[in-house]
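File shown here: input.txt, holding compact mmCIF, C-alpha atoms and all ligand atoms.
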```txt
# COMPACT_ATOMS: atom_id res chain seq x y z
CA MET M 97 -24.78 9.96 13.06
CA SER M 98 -24.35 9.46 16.79
CA VAL M 99 -21.29 8.75 18.90
CA VAL M 100 -20.69 4.96 19.28
CA SER M 101 -18.69 2.82 21.69
CA THR M 102 -17.26 0.10 19.41
CA ILE M 103 -16.17 0.17 15.79
CA THR M 104 -14.39 -2.32 13.53
CA VAL M 105 -12.57 -1.11 10.43
CA THR M 106 -11.09 -3.24 7.64
CA VAL M 107 -8.48 -1.66 5.36
CA PRO M 108 -6.99 -3.24 2.21
CA ALA M 109 -3.34 -3.67 1.33
CA THR M 110 -2.11 -1.44 -1.50
CA THR M 111 0.55 -1.65 -4.16
CA ALA M 112 2.00 1.78 -4.96
CA ASN M 113 3.96 3.21 -7.91
CA LEU M 114 3.21 0.43 -10.46
CA GLY M 115 6.56 1.25 -12.06
CA PRO M 116 6.50 4.78 -13.51
CA GLY M 117 3.84 6.23 -11.16
CA PHE M 118 6.24 6.97 -8.30
CA ASP M 119 4.44 8.60 -5.37
CA CYS M 120 1.24 9.26 -7.31
CA ILE M 121 -0.54 5.99 -8.22
CA GLY M 122 -1.57 2.92 -6.28
CA ALA M 123 -4.10 0.10 -6.27
CA ALA M 124 -6.00 -1.61 -3.43
CA LEU M 125 -5.73 -5.40 -3.19
CA LYS M 126 -8.00 -8.03 -1.64
CA LEU M 127 -5.83 -8.56 1.43
CA TYR M 128 -6.86 -6.88 4.67
CA ASN M 129 -6.02 -5.69 8.16
CA GLU M 130 -8.84 -5.50 10.67
CA PHE M 131 -8.89 -3.01 13.54
CA LYS M 132 -11.43 -3.03 16.37
CA PHE M 133 -11.69 -0.06 18.76
CA THR M 134 -13.69 -0.17 22.00
CA ARG M 135 -14.14 2.88 24.23
CA LEU M 136 -13.19 2.24 27.85
CA GLU M 137 -14.79 4.16 30.71
CA GLU M 138 -11.70 3.57 32.85
CA GLY M 139 -8.26 1.94 32.68
CA LYS M 140 -5.57 2.61 30.09
CA LEU M 141 -4.78 2.02 26.43
CA THR M 142 -4.54 -1.68 25.56
CA ILE M 143 -3.49 -3.04 22.19
CA ASN M 144 -3.72 -6.74 21.27
CA VAL M 145 -2.26 -7.93 18.00
CA THR M 146 -2.86 -11.29 16.28
CA GLY M 147 -1.69 -12.69 12.94
CA ALA M 148 1.69 -13.24 11.30
CA GLU M 149 4.54 -11.21 12.86
CA ALA M 150 2.14 -9.82 15.49
CA GLU M 151 5.02 -9.47 17.94
CA ARG M 152 6.62 -6.85 15.65
CA VAL M 153 3.80 -4.34 16.11
CA GLN M 154 4.14 -1.79 18.92
CA THR M 155 1.53 -2.16 21.69
CA ASP M 156 2.00 1.22 23.37
CA GLU M 157 1.31 4.84 22.40
CA SER M 158 3.94 4.69 19.65
CA ASN M 159 1.68 2.32 17.64
CA LEU M 160 1.01 3.97 14.25
CA LEU M 161 -2.68 3.01 14.30
CA TYR M 162 -3.07 4.68 17.68
CA GLN M 163 -1.07 7.71 16.53
CA ALA M 164 -3.51 8.18 13.64
CA PHE M 165 -6.40 7.82 16.09
CA VAL M 166 -4.90 10.57 18.26
CA LYS M 167 -4.22 12.75 15.20
CA PHE M 168 -7.95 12.78 14.46
CA TYR M 169 -8.74 14.08 17.95
CA GLN M 170 -5.99 16.71 17.71
CA TYR M 171 -7.57 17.87 14.46
CA ILE M 172 -11.04 18.22 15.99
CA LYS M 173 -9.46 19.71 19.15
CA GLN M 174 -10.77 17.08 21.55
CA THR M 175 -9.13 14.68 23.99
CA PRO M 176 -9.05 11.11 22.64
CA PRO M 177 -11.04 8.57 24.65
CA THR M 178 -9.25 5.67 26.34
CA VAL M 179 -9.61 2.64 24.07
CA LYS M 180 -8.95 -1.05 23.76
CA ILE M 181 -7.60 -1.88 20.29
CA GLU M 182 -7.62 -5.33 18.69
CA ILE M 183 -5.53 -5.72 15.53
CA LYS M 184 -5.86 -8.70 13.19
CA LEU M 185 -2.95 -8.60 10.77
CA GLY M 186 -3.47 -9.85 7.22
CA VAL M 187 -1.11 -7.40 5.48
CA PRO M 188 2.59 -8.24 5.94
CA LEU M 189 4.65 -5.56 7.68
CA ALA M 190 7.22 -3.40 5.86
CA ARG M 191 7.00 -5.40 2.64
CA GLY M 192 5.77 -2.73 0.19
CA LEU M 193 2.09 -3.59 0.55
CA GLY M 194 1.00 -0.47 2.39
CA SER M 195 0.90 -1.81 5.95
CA SER M 196 1.57 1.69 7.33
CA ALA M 197 -1.26 3.08 5.17
CA THR M 198 -3.68 0.52 6.63
CA ALA M 199 -2.74 1.71 10.12
CA ILE M 200 -3.06 5.41 9.28
CA VAL M 201 -6.36 5.02 7.43
CA GLY M 202 -7.65 2.55 10.05
CA GLY M 203 -6.95 4.87 12.98
CA LEU M 204 -8.47 7.92 11.30
CA VAL M 205 -11.58 6.12 10.00
CA ALA M 206 -12.17 4.42 13.37
CA ALA M 207 -11.95 7.72 15.27
CA ASN M 208 -14.22 9.44 12.77
CA GLN M 209 -16.82 6.69 13.02
CA LEU M 210 -16.63 6.63 16.83
CA GLU M 211 -17.41 10.36 16.75
CA GLY M 212 -20.39 10.01 14.44
CA ALA M 213 -18.62 10.77 11.13
CA THR M 214 -17.68 14.32 12.11
CA LEU M 215 -15.27 14.70 9.19
CA SER M 216 -15.95 14.17 5.48
CA GLN M 217 -14.12 11.45 3.56
CA SER M 218 -12.01 14.18 1.87
CA GLN M 219 -10.93 15.56 5.23
CA VAL M 220 -9.97 12.08 6.44
CA MET M 221 -8.07 11.52 3.20
CA GLU M 222 -6.12 14.78 3.56
CA LEU M 223 -5.16 13.92 7.14
CA ALA M 224 -4.03 10.48 5.97
CA ILE M 225 -1.91 11.91 3.14
CA ALA M 226 -0.30 14.40 5.53
CA MET M 227 0.58 11.60 7.97
CA GLU M 228 2.00 9.22 5.34
CA GLY M 229 3.75 12.00 3.39
CA HIS M 230 2.62 10.77 -0.03
CA PRO M 231 -0.82 9.76 -1.34
CA ASP M 232 -0.28 6.57 -3.35
CA ASN M 233 -1.02 4.04 -0.56
CA VAL M 234 -3.46 5.87 1.69
CA VAL M 235 -5.78 7.02 -1.12
CA PRO M 236 -6.58 3.54 -2.54
CA ALA M 237 -6.54 2.12 1.01
CA LEU M 238 -9.32 4.56 1.91
CA LEU M 239 -11.26 4.57 -1.37
CA GLY M 240 -10.43 1.23 -3.04
CA GLY M 241 -9.61 0.68 -6.72
CA CYS M 242 -6.64 2.04 -8.62
CA ARG M 243 -6.17 5.76 -7.96
CA LEU M 244 -4.08 8.63 -9.24
CA ALA M 245 -3.52 11.57 -6.89
CA ALA M 246 -2.34 15.00 -8.01
CA THR M 247 -1.93 18.14 -5.90
CA SER M 248 -3.74 21.30 -6.78
CA GLY M 249 -2.28 23.86 -4.43
CA ALA M 250 -3.06 22.56 -0.95
CA ALA M 251 -5.89 20.33 -2.22
CA TRP M 252 -5.81 16.95 -3.93
CA GLU M 253 -7.42 15.85 -7.18
CA ILE M 254 -8.15 12.10 -7.06
CA CYS M 255 -8.84 10.12 -10.20
CA ASP M 256 -10.30 6.60 -10.33
CA LEU M 257 -8.30 4.65 -12.95
CA PRO M 258 -10.03 1.93 -14.96
CA TRP M 259 -8.33 -1.47 -14.61
CA HIS M 260 -9.04 -4.02 -17.34
CA GLN M 261 -10.56 -7.20 -15.89
CA ASP M 262 -8.01 -9.48 -17.59
CA ILE M 263 -4.99 -7.92 -15.82
CA VAL M 264 -3.95 -9.94 -12.77
CA PRO M 265 -1.58 -8.58 -10.09
CA VAL M 266 0.83 -11.34 -9.01
CA ILE M 267 2.66 -10.47 -5.79
CA ALA M 268 5.84 -12.15 -4.57
CA ILE M 269 6.45 -11.38 -0.88
CA PRO M 270 9.90 -12.34 0.47
CA ASN M 271 10.57 -13.21 4.09
CA PHE M 272 12.63 -10.08 4.74
CA GLU M 273 11.55 -6.51 5.50
CA LEU M 274 12.60 -3.28 3.81
CA SER M 275 11.46 -0.09 5.52
CA THR M 276 10.10 2.66 3.35
CA SER M 277 12.48 5.16 4.92
CA GLU M 278 15.50 3.02 3.95
CA ALA M 279 14.17 2.56 0.40
CA ARG M 280 13.55 6.32 0.06
CA GLY M 281 17.00 7.02 1.46
CA VAL M 282 18.74 5.59 -1.62
CA LEU M 283 16.89 7.86 -4.08
CA PRO M 284 18.57 10.89 -5.64
CA THR M 285 17.11 14.29 -4.77
CA GLU M 286 17.33 15.44 -8.40
CA VAL M 287 16.73 13.63 -11.69
CA SER M 288 17.64 14.43 -15.28
CA ARG M 289 15.20 15.91 -17.75
CA ALA M 290 15.54 12.74 -19.87
CA ASP M 291 14.46 10.56 -16.93
CA ALA M 292 11.54 12.87 -16.11
CA ILE M 293 10.34 12.70 -19.71
CA PHE M 294 10.79 8.92 -19.76
CA ASN M 295 8.52 8.50 -16.71
CA THR M 296 5.93 11.00 -17.92
CA ALA M 297 5.56 9.07 -21.20
CA HIS M 298 5.52 5.68 -19.52
CA LEU M 299 2.95 6.70 -16.91
CA GLY M 300 0.64 7.94 -19.68
CA LEU M 301 1.09 4.64 -21.52
CA LEU M 302 0.51 2.69 -18.29
CA LEU M 303 -2.85 4.37 -17.69
CA ARG M 304 -4.03 3.44 -21.20
CA GLY M 305 -2.56 -0.06 -20.87
CA LEU M 306 -4.38 -0.66 -17.58
CA GLU M 307 -7.62 0.61 -19.09
CA THR M 308 -7.47 -1.39 -22.32
CA GLY M 309 -5.47 -4.47 -21.29
CA ASN M 310 -3.21 -3.83 -24.31
CA GLY M 311 -0.27 -6.16 -23.52
CA GLN M 312 2.19 -4.44 -25.85
CA TRP M 313 1.59 -1.10 -24.14
CA LEU M 314 1.85 -2.63 -20.67
CA LYS M 315 5.10 -4.33 -21.55
CA THR M 316 6.70 -1.00 -22.37
CA ALA M 317 4.81 1.01 -19.75
CA LEU M 318 6.02 -0.92 -16.69
CA GLN M 319 9.45 0.71 -16.88
CA ASP M 320 10.71 3.39 -14.59
CA LYS M 321 13.77 5.59 -14.16
CA LEU M 322 12.92 7.47 -10.97
CA HIS M 323 13.14 4.87 -8.22
CA GLN M 324 13.60 1.24 -9.31
CA PRO M 325 17.14 1.54 -10.73
CA TYR M 326 18.27 2.79 -7.31
CA ARG M 327 16.22 0.40 -5.18
CA LYS M 328 16.74 -2.90 -6.93
CA ALA M 329 20.12 -3.39 -5.24
CA LEU M 330 18.21 -3.60 -1.93
CA ILE M 331 16.23 -6.59 -3.21
CA PRO M 332 18.34 -9.71 -3.81
CA GLY M 333 17.02 -11.65 -6.80
CA TYR M 334 15.30 -8.65 -8.45
CA ASP M 335 16.81 -9.28 -11.91
CA ALA M 336 16.28 -13.06 -11.70
CA LEU M 337 12.60 -12.62 -10.79
CA ASN M 338 12.13 -10.09 -13.57
CA ILE M 339 13.52 -12.51 -16.14
CA ALA M 340 11.51 -15.42 -14.67
CA ALA M 341 8.22 -13.48 -14.62
CA VAL M 342 8.56 -12.16 -18.17
CA SER M 343 9.69 -15.58 -19.49
CA ALA M 344 6.56 -17.10 -17.93
CA GLY M 345 4.37 -14.63 -19.80
CA ALA M 346 4.05 -11.56 -17.52
CA TYR M 347 3.80 -8.15 -19.19
CA GLY M 348 6.46 -6.95 -16.79
CA MET M 349 7.54 -6.75 -13.17
CA VAL M 350 7.94 -3.82 -10.80
CA ILE M 351 8.74 -3.16 -7.15
CA SER M 352 5.53 -2.99 -5.10
CA GLY M 353 5.64 0.31 -3.21
CA ALA M 354 9.06 0.71 -1.66
CA GLY M 355 9.64 -3.07 -1.81
CA PRO M 356 10.80 -5.71 -1.15
CA THR M 357 7.61 -7.32 -2.54
CA LEU M 358 7.75 -7.62 -6.32
CA LEU M 359 4.65 -7.22 -8.45
CA ALA M 360 4.14 -8.76 -11.88
CA LEU M 361 1.18 -7.98 -14.10
CA ALA M 362 -0.05 -10.84 -16.26
CA ASP M 363 -3.18 -11.95 -18.06
CA LYS M 364 -5.38 -14.67 -16.58
CA LEU M 365 -3.89 -17.34 -18.86
CA HIS M 366 -0.36 -16.76 -17.58
CA SER M 367 -0.76 -15.70 -13.94
CA GLU M 368 -0.31 -19.18 -12.47
CA ALA M 369 2.85 -19.83 -14.48
CA VAL M 370 4.16 -16.42 -13.42
CA GLU M 371 3.54 -17.29 -9.75
CA THR M 372 5.46 -20.56 -10.10
CA ALA M 373 8.36 -18.92 -11.94
CA MET M 374 8.76 -16.08 -9.41
CA LEU M 375 8.66 -18.47 -6.46
CA ALA M 376 11.25 -20.75 -8.05
CA ALA M 377 13.53 -17.80 -8.86
CA TRP M 378 13.52 -16.64 -5.26
CA GLN M 379 14.04 -20.17 -3.97
CA GLU M 380 17.14 -20.36 -6.19
CA GLU M 381 18.44 -17.26 -4.40
CA GLY M 382 17.83 -19.04 -1.08
CA ILE M 383 14.94 -16.73 -0.19
CA THR M 384 11.67 -18.03 1.21
CA ALA M 385 8.69 -16.21 -0.26
CA GLU M 386 4.95 -16.29 -0.60
CA VAL M 387 3.64 -15.75 -4.13
CA ARG M 388 -0.01 -15.24 -4.98
CA SER M 389 -2.36 -13.73 -7.52
CA LEU M 390 -4.76 -11.20 -6.04
CA SER M 391 -7.61 -9.17 -7.38
CA LEU M 392 -8.33 -5.48 -6.91
CA ASP M 393 -10.33 -4.31 -3.92
CA THR M 394 -12.89 -1.78 -5.09
CA GLN M 395 -14.37 -0.69 -1.76
CA GLY M 396 -11.45 0.56 0.34
CA ALA M 397 -11.79 0.99 4.11
CA LYS M 398 -15.04 -0.35 5.54
CA SER M 399 -16.42 0.10 9.04
CA PHE M 400 -19.09 -1.82 10.87
N1 LIG U 501 -1.24 -2.85 11.64
C1 LIG U 501 -0.35 -2.00 12.07
N2 LIG U 501 -0.50 -1.44 13.29
C2 LIG U 501 0.40 -0.56 13.72
N3 LIG U 501 1.49 -0.17 13.06
C3 LIG U 501 1.70 -0.71 11.86
C4 LIG U 501 0.79 -1.64 11.30
N4 LIG U 501 1.25 -1.98 10.09
C5 LIG U 501 2.39 -1.30 9.91
N5 LIG U 501 2.67 -0.54 10.96
C6 LIG U 501 3.84 0.32 11.12
O1 LIG U 501 4.32 0.67 9.84
C7 LIG U 501 5.68 0.19 9.66
C8 LIG U 501 5.92 -0.25 8.25
O2 LIG U 501 5.82 0.89 7.43
P1 LIG U 501 6.63 1.01 6.08
O3 LIG U 501 6.18 2.29 5.44
O4 LIG U 501 8.09 0.85 6.35
O5 LIG U 501 6.17 -0.26 5.24
P2 LIG U 501 4.88 -0.54 4.39
O6 LIG U 501 3.85 0.52 4.66
O7 LIG U 501 4.47 -1.94 4.68
O8 LIG U 501 5.43 -0.48 2.93
P3 LIG U 501 5.08 0.50 1.66
O9 LIG U 501 4.84 1.86 2.22
O10 LIG U 501 6.31 0.43 0.81
O11 LIG U 501 3.91 -0.09 1.02
C9 LIG U 501 5.78 -0.97 10.65
O12 LIG U 501 7.12 -1.22 11.00
C10 LIG U 501 4.94 -0.45 11.82
O13 LIG U 501 5.69 0.48 12.59
N1 LIG U 502 5.61 5.83 -3.24
C1 LIG U 502 6.15 5.30 -2.02
C2 LIG U 502 5.35 4.08 -1.63
C3 LIG U 502 5.83 3.43 -0.36
O1 LIG U 502 5.33 4.06 0.77
C4 LIG U 502 7.60 4.89 -2.26
O2 LIG U 502 7.86 4.22 -3.27
O3 LIG U 502 8.46 5.26 -1.46
```
In structure tokens, write the structure found in this file.
Amino acid sequence: MSVVSTITVTVPATTANLGPGFDCIGAALKLYNEFKFTRLEEGKLTINVTGAEAERVQTDESNLLYQAFVKFYQYIKQTPPTVKIEIKLGVPLARGLGSSATAIVGGLVAANQLEGATLSQSQVMELAIAMEGHPDNVVPALLGGCRLAATSGAAWEICDLPWHQDIVPVIAIPNFELSTSEARGVLPTEVSRADAIFNTAHLGLLLRGLETGNGQWLKTALQDKLHQPYRKALIPGYDALNIAAVSAGAYGMVISGAGPTLLALADKLHSEAVETAMLAAWQEEGITAEVRSLSLDTQGAKSF
């Protein structure tokens, strides 16, 4: 492929952890950020942002999308070109829906495409994981679908996880932010053997539940002892939404990524009732929220 002057990349939102899969599993959702890069022959970096909360995104060299773009050029030992960047935000910022992963993947994919696909998809993925620090958002953001990532020495083994067509992700996005660094800051550095065994068993059950749509398995599987017990205090209304979602027929509810978005899994018959119940529960707490059922994105980052 040849070097090009303009590239547009779309990257899906992602929901990481899914309860017991802390830092190793995530799924791409049909909700997107769009990033357009244009090479400039002269002038300086310009970044324009549109969409909800656009004013909260940095428009200088500290912008995460631009940092990922630069990281690519550092890796191939070249000077980055001057660019104009146009960002259309569809993924809410710092809500546990992988906004930072969209920026990291978007910047790396855009640079790679501008340079004629110099790097393989695996190389781009490894750079993205190194930048984010964990794989569970950037891997599905890049590849689409529901993915499990496991290290094998310095390399990564990525597994595509089957997701039964009847399982609907219902996401409840509150109007407040929670940064991933704050949500990681409340986690213990060591866990008990009992908790490690609990999560190992529940993650195994989750994978089979997602594959088969077995509601009884999912109900048990969506439990976690590694991160949610520590994080739920950062999310007002967590217990009320959990009760509301399950009472309305959800299999269970978890924190999406590092939160504060909450994710319920339900079958198609119950997803609408679950949406209504979660919205009402947050309203009762005095919190404005957006609640919607989404489907899985299966394509990941796309460039054109
Ligand atoms: N489109 C974007 N362009 C540039 N920077 C972005 C963009 N989206 C997110 N960021 C950066 O990422 C930060 C949010 O990252 P953070 O890891 O806290 O949340 P998140 O990725 O939305 O949540 P999670 O990792 O739990 O899914 C923003 O404050 C901003 O600095
Ligand atoms: N696995 C990560 C996802 C958010 O980046 C966490 O829960 O902190």
Tell me, in Å to one decimal, how far CA of Pro258 in chain M is from CA of Ala199 in chain M.
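Interatomic distance here is 26.1 Å.
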So that I can check the surroundings of range 271-281 of chain M, please list as a list of chain:residue names every protein, DNA and RNA residue that reaches within 8 Å of it, counting all atoms listed in the file and ignoring chain neighbours fewer than 3 positions away.
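Surrounding residues, per the criterion: M:Leu189, M:Ala190, M:Arg191, M:Gly192, M:Arg327, M:Leu330, M:Ala354, M:Gly355, M:Pro356, M:Ile383, M:Thr384, M:Ala385, M:Glu386.
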Please identify every residue of range 286-353 of chain M that has at least one atom no farther than 6 Å from an atom of range 370-381 of chain M, counting only C-alpha atoms, and for each give the shortest atom pair and the distance in Å to one decimal, arranged by chain then increasing number, as a tab-separated table.
```
residue	atom	partner	partner_atom	distance
M:Leu337	CA	M:Met374	CA	5.3
M:Ala340	CA	M:Ala373	CA	5.4
M:Ala341	CA	M:Val370	CA	5.2
M:Ala344	CA	M:Val370	CA	5.2
```
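Shortest atom-to-atom contact with Val205 in chain M among M:Phe294, M:Tyr171, M:Phe131, M:Tyr347: M:Phe131, counting only C-alpha atoms.
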Produce the centre coordinates and the three edge lengths, each in Å to one decimal, of the box along x, y and z that contains all listed atoms of range 356-365 of chain M with 4 Å added on each side, as JSON.
```
{"center_x": 2.7, "center_y": -11.5, "center_z": -10.0, "size_x": 24.2, "size_y": 19.6, "size_z": 25.7}
```
For each of M:Leu204, M:Ala397, M:Ala246, M:Val287, take the minimum atom-to-atom distance to Val107 in chain M, counting only C-alpha atoms, then give the residue where this is smallest.
M:Ala397
Which residues of chain M sit at most 9 Å from ligand LIG 501 (chain U), using only C-alpha atoms and all ligand atoms? Give each one's shortest atom pair and distance in Å (one decimal place), in chain and ascending residue order, as a tab-separated table.
```
residue	atom	partner	partner_atom	distance
M:Ala109	CA	U:LIG501	O11	8.1
M:Thr110	CA	U:LIG501	O11	6.7
M:Thr111	CA	U:LIG501	O11	6.4
M:Ala112	CA	U:LIG501	O11	6.6
M:Asn129	CA	U:LIG501	N1	6.6
M:Glu130	CA	U:LIG501	N1	8.1
M:Phe131	CA	U:LIG501	N1	7.9
M:Val145	CA	U:LIG501	N1	8.2
M:Ala150	CA	U:LIG501	N1	8.7
M:Arg152	CA	U:LIG501	O12	7.3
M:Val153	CA	U:LIG501	C2	5.6
M:Gln154	CA	U:LIG501	C2	6.5
M:Thr155	CA	U:LIG501	C2	8.2
M:Ser158	CA	U:LIG501	O13	8.4
M:Asn159	CA	U:LIG501	C2	5.0
M:Leu160	CA	U:LIG501	N3	4.3
M:Leu161	CA	U:LIG501	C2	4.8
M:Tyr162	CA	U:LIG501	C2	7.4
M:Gln163	CA	U:LIG501	C2	8.9
M:Ile183	CA	U:LIG501	N1	6.5
M:Lys184	CA	U:LIG501	N1	7.6
M:Leu185	CA	U:LIG501	N1	6.1
M:Gly186	CA	U:LIG501	N1	8.6
M:Val187	CA	U:LIG501	N4	7.5
M:Pro188	CA	U:LIG501	O7	6.7
M:Leu189	CA	U:LIG501	O7	4.7
M:Ala190	CA	U:LIG501	O7	3.3
M:Arg191	CA	U:LIG501	O7	4.7
M:Gly192	CA	U:LIG501	O10	3.3
M:Leu193	CA	U:LIG501	O11	4.0
M:Gly194	CA	U:LIG501	O11	3.2
M:Ser195	CA	U:LIG501	O7	3.8
M:Ser196	CA	U:LIG501	O6	3.7
M:Ala197	CA	U:LIG501	O6	5.7
M:Thr198	CA	U:LIG501	N1	6.5
M:Ala199	CA	U:LIG501	C1	4.8
M:Ile200	CA	U:LIG501	N3	8.1
M:Gly202	CA	U:LIG501	N1	8.5
M:Glu228	CA	U:LIG501	O3	8.1
M:Asp232	CA	U:LIG501	O9	8.9
M:Asn233	CA	U:LIG501	O11	6.6
M:Glu273	CA	U:LIG501	O4	8.2
M:Leu274	CA	U:LIG501	O4	6.6
M:Ser275	CA	U:LIG501	O4	3.6
M:Thr276	CA	U:LIG501	O4	4.0
M:Ser277	CA	U:LIG501	O4	6.3
M:Glu278	CA	U:LIG501	O4	8.1
M:Ala279	CA	U:LIG501	O10	8.2
M:Ser352	CA	U:LIG501	O10	6.9
M:Gly353	CA	U:LIG501	O10	4.1
M:Ala354	CA	U:LIG501	O10	3.7
M:Gly355	CA	U:LIG501	O10	5.5
M:Pro356	CA	U:LIG501	O10	7.9
M:Thr357	CA	U:LIG501	O10	8.5
```
Can those selected residues be exported to a file as a compact mmCIF listing (two decimals), keeping the file's coordinate frame so that it contains C-alpha atoms?
```
# COMPACT_ATOMS: atom_id res chain seq x y z
CA ALA M 109 -3.34 -3.67 1.33
CA THR M 110 -2.11 -1.44 -1.50
CA THR M 111 0.55 -1.65 -4.16
CA ALA M 112 2.00 1.78 -4.96
CA ASN M 129 -6.02 -5.69 8.16
CA GLU M 130 -8.84 -5.50 10.67
CA PHE M 131 -8.89 -3.01 13.54
CA VAL M 145 -2.26 -7.93 18.00
CA ALA M 150 2.14 -9.82 15.49
CA ARG M 152 6.62 -6.85 15.65
CA VAL M 153 3.80 -4.34 16.11
CA GLN M 154 4.14 -1.79 18.92
CA THR M 155 1.53 -2.16 21.69
CA SER M 158 3.94 4.69 19.65
CA ASN M 159 1.68 2.32 17.64
CA LEU M 160 1.01 3.97 14.25
CA LEU M 161 -2.68 3.01 14.30
CA TYR M 162 -3.07 4.68 17.68
CA GLN M 163 -1.07 7.71 16.53
CA ILE M 183 -5.53 -5.72 15.53
CA LYS M 184 -5.86 -8.70 13.19
CA LEU M 185 -2.95 -8.60 10.77
CA GLY M 186 -3.47 -9.85 7.22
CA VAL M 187 -1.11 -7.40 5.48
CA PRO M 188 2.59 -8.24 5.94
CA LEU M 189 4.65 -5.56 7.68
CA ALA M 190 7.22 -3.40 5.86
CA ARG M 191 7.00 -5.40 2.64
CA GLY M 192 5.77 -2.73 0.19
CA LEU M 193 2.09 -3.59 0.55
CA GLY M 194 1.00 -0.47 2.39
CA SER M 195 0.90 -1.81 5.95
CA SER M 196 1.57 1.69 7.33
CA ALA M 197 -1.26 3.08 5.17
CA THR M 198 -3.68 0.52 6.63
CA ALA M 199 -2.74 1.71 10.12
CA ILE M 200 -3.06 5.41 9.28
CA GLY M 202 -7.65 2.55 10.05
CA GLU M 228 2.00 9.22 5.34
CA ASP M 232 -0.28 6.57 -3.35
CA ASN M 233 -1.02 4.04 -0.56
CA GLU M 273 11.55 -6.51 5.50
CA LEU M 274 12.60 -3.28 3.81
CA SER M 275 11.46 -0.09 5.52
CA THR M 276 10.10 2.66 3.35
CA SER M 277 12.48 5.16 4.92
CA GLU M 278 15.50 3.02 3.95
CA ALA M 279 14.17 2.56 0.40
CA SER M 352 5.53 -2.99 -5.10
CA GLY M 353 5.64 0.31 -3.21
CA ALA M 354 9.06 0.71 -1.66
CA GLY M 355 9.64 -3.07 -1.81
CA PRO M 356 10.80 -5.71 -1.15
CA THR M 357 7.61 -7.32 -2.54
```
Separating CA of Gly396 in chain M from CA of Ala237 in chain M, to the nearest tenth of an Å, is a gap of 5.2 Å
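Of note, CA of Lys140 in chain M and CA of Ile172 in chain M are spaced 21.7 Å apart.
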Counting only C-alpha atoms, which residues sit no farther than 12 Å from the position (-17.7, 8.6, 16.9) in the file's frame? I'd like them as number ranges by chain.
M: 97-104, 133-135, 165, 168-169, 172, 174, 176-177, 204-215, 399
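With all atoms listed in the file as the atoms that count, the minimum distance from ligand LIG 502 (chain U) to the choices M:Ile143, M:Ile121, M:Ile339, M:Ala250 is reached by M:Ile121.
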Pick from M:Thr247, M:Ser216, M:Gln324, M:Thr308: nearest to ligand LIG 502 (chain U), with all atoms listed in the file counted?
M:Gln324
With distances taken over all atoms listed in the file, the candidate from M:Gly139, M:Gly203, M:Pro236, M:Pro270 nearest ligand LIG 502 (chain U) is M:Pro236
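Proximity to Asp156 in chain M was assessed for M:Asp291, M:Leu141, M:Thr296, M:Gly311 counting only C-alpha atoms; the smallest distance is recorded for M:Leu141.
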Excluding Leu283 in chain M and residues on its chain fewer than 5 positions from it, collect all residues at most 9 Å away from it, counting all atoms listed in the file, and give them as a list in words.
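In the requested format, the answer is Leu322, His323, Tyr326 and Arg327 of chain M.
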Those same residues, written as a JSON list (two decimals), keeping the file's coordinate frame with C-alpha atoms?
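The result, stored in selection11.json:
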```
[["chain", "number", "residue", "atom", "x", "y", "z"],
["M", 322, "LEU", "CA", 12.92, 7.47, -10.97],
["M", 323, "HIS", "CA", 13.14, 4.87, -8.22],
["M", 326, "TYR", "CA", 18.27, 2.79, -7.31],
["M", 327, "ARG", "CA", 16.22, 0.40, -5.18]]
```
Got a sec: who's within 8 Å of Ser389 in chain M, counting only C-alpha atoms, leaving out chain neighbours fewer than 3 positions off, as number ranges by chain?
M: 264-267, 367-368, 371
Neighbour list for Thr394 in chain M as a PDB file with C-alpha atoms, keeping the file's coordinate frame, cut-off 10 Å, only C-alpha atoms, skip fewer than 4 positions in-chain:
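Result went into out.pdb, see below:
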```pdb
ATOM      1  CA  PRO M 108      -6.990  -3.240   2.210  1.00  0.00           C
ATOM      2  CA  ALA M 123      -4.100   0.100  -6.270  1.00  0.00           C
ATOM      3  CA  ALA M 124      -6.000  -1.610  -3.430  1.00  0.00           C
ATOM      4  CA  LEU M 125      -5.730  -5.400  -3.190  1.00  0.00           C
ATOM      5  CA  LYS M 126      -8.000  -8.030  -1.640  1.00  0.00           C
ATOM      6  CA  PRO M 236      -6.580   3.540  -2.540  1.00  0.00           C
ATOM      7  CA  ALA M 237      -6.540   2.120   1.010  1.00  0.00           C
ATOM      8  CA  LEU M 239     -11.260   4.570  -1.370  1.00  0.00           C
ATOM      9  CA  GLY M 240     -10.430   1.230  -3.040  1.00  0.00           C
ATOM     10  CA  GLY M 241      -9.610   0.680  -6.720  1.00  0.00           C
ATOM     11  CA  CYS M 242      -6.640   2.040  -8.620  1.00  0.00           C
TER      12      CYS M 242
END
```
Applying 9 Å and only C-alpha atoms, which residues near Ala317 in chain M remain after dropping the ones on its own chain fewer than 2 positions away? List them as a PyMOL selection string.
chain M and resi 115-116+295+297-303+305+312-315+319-320+348
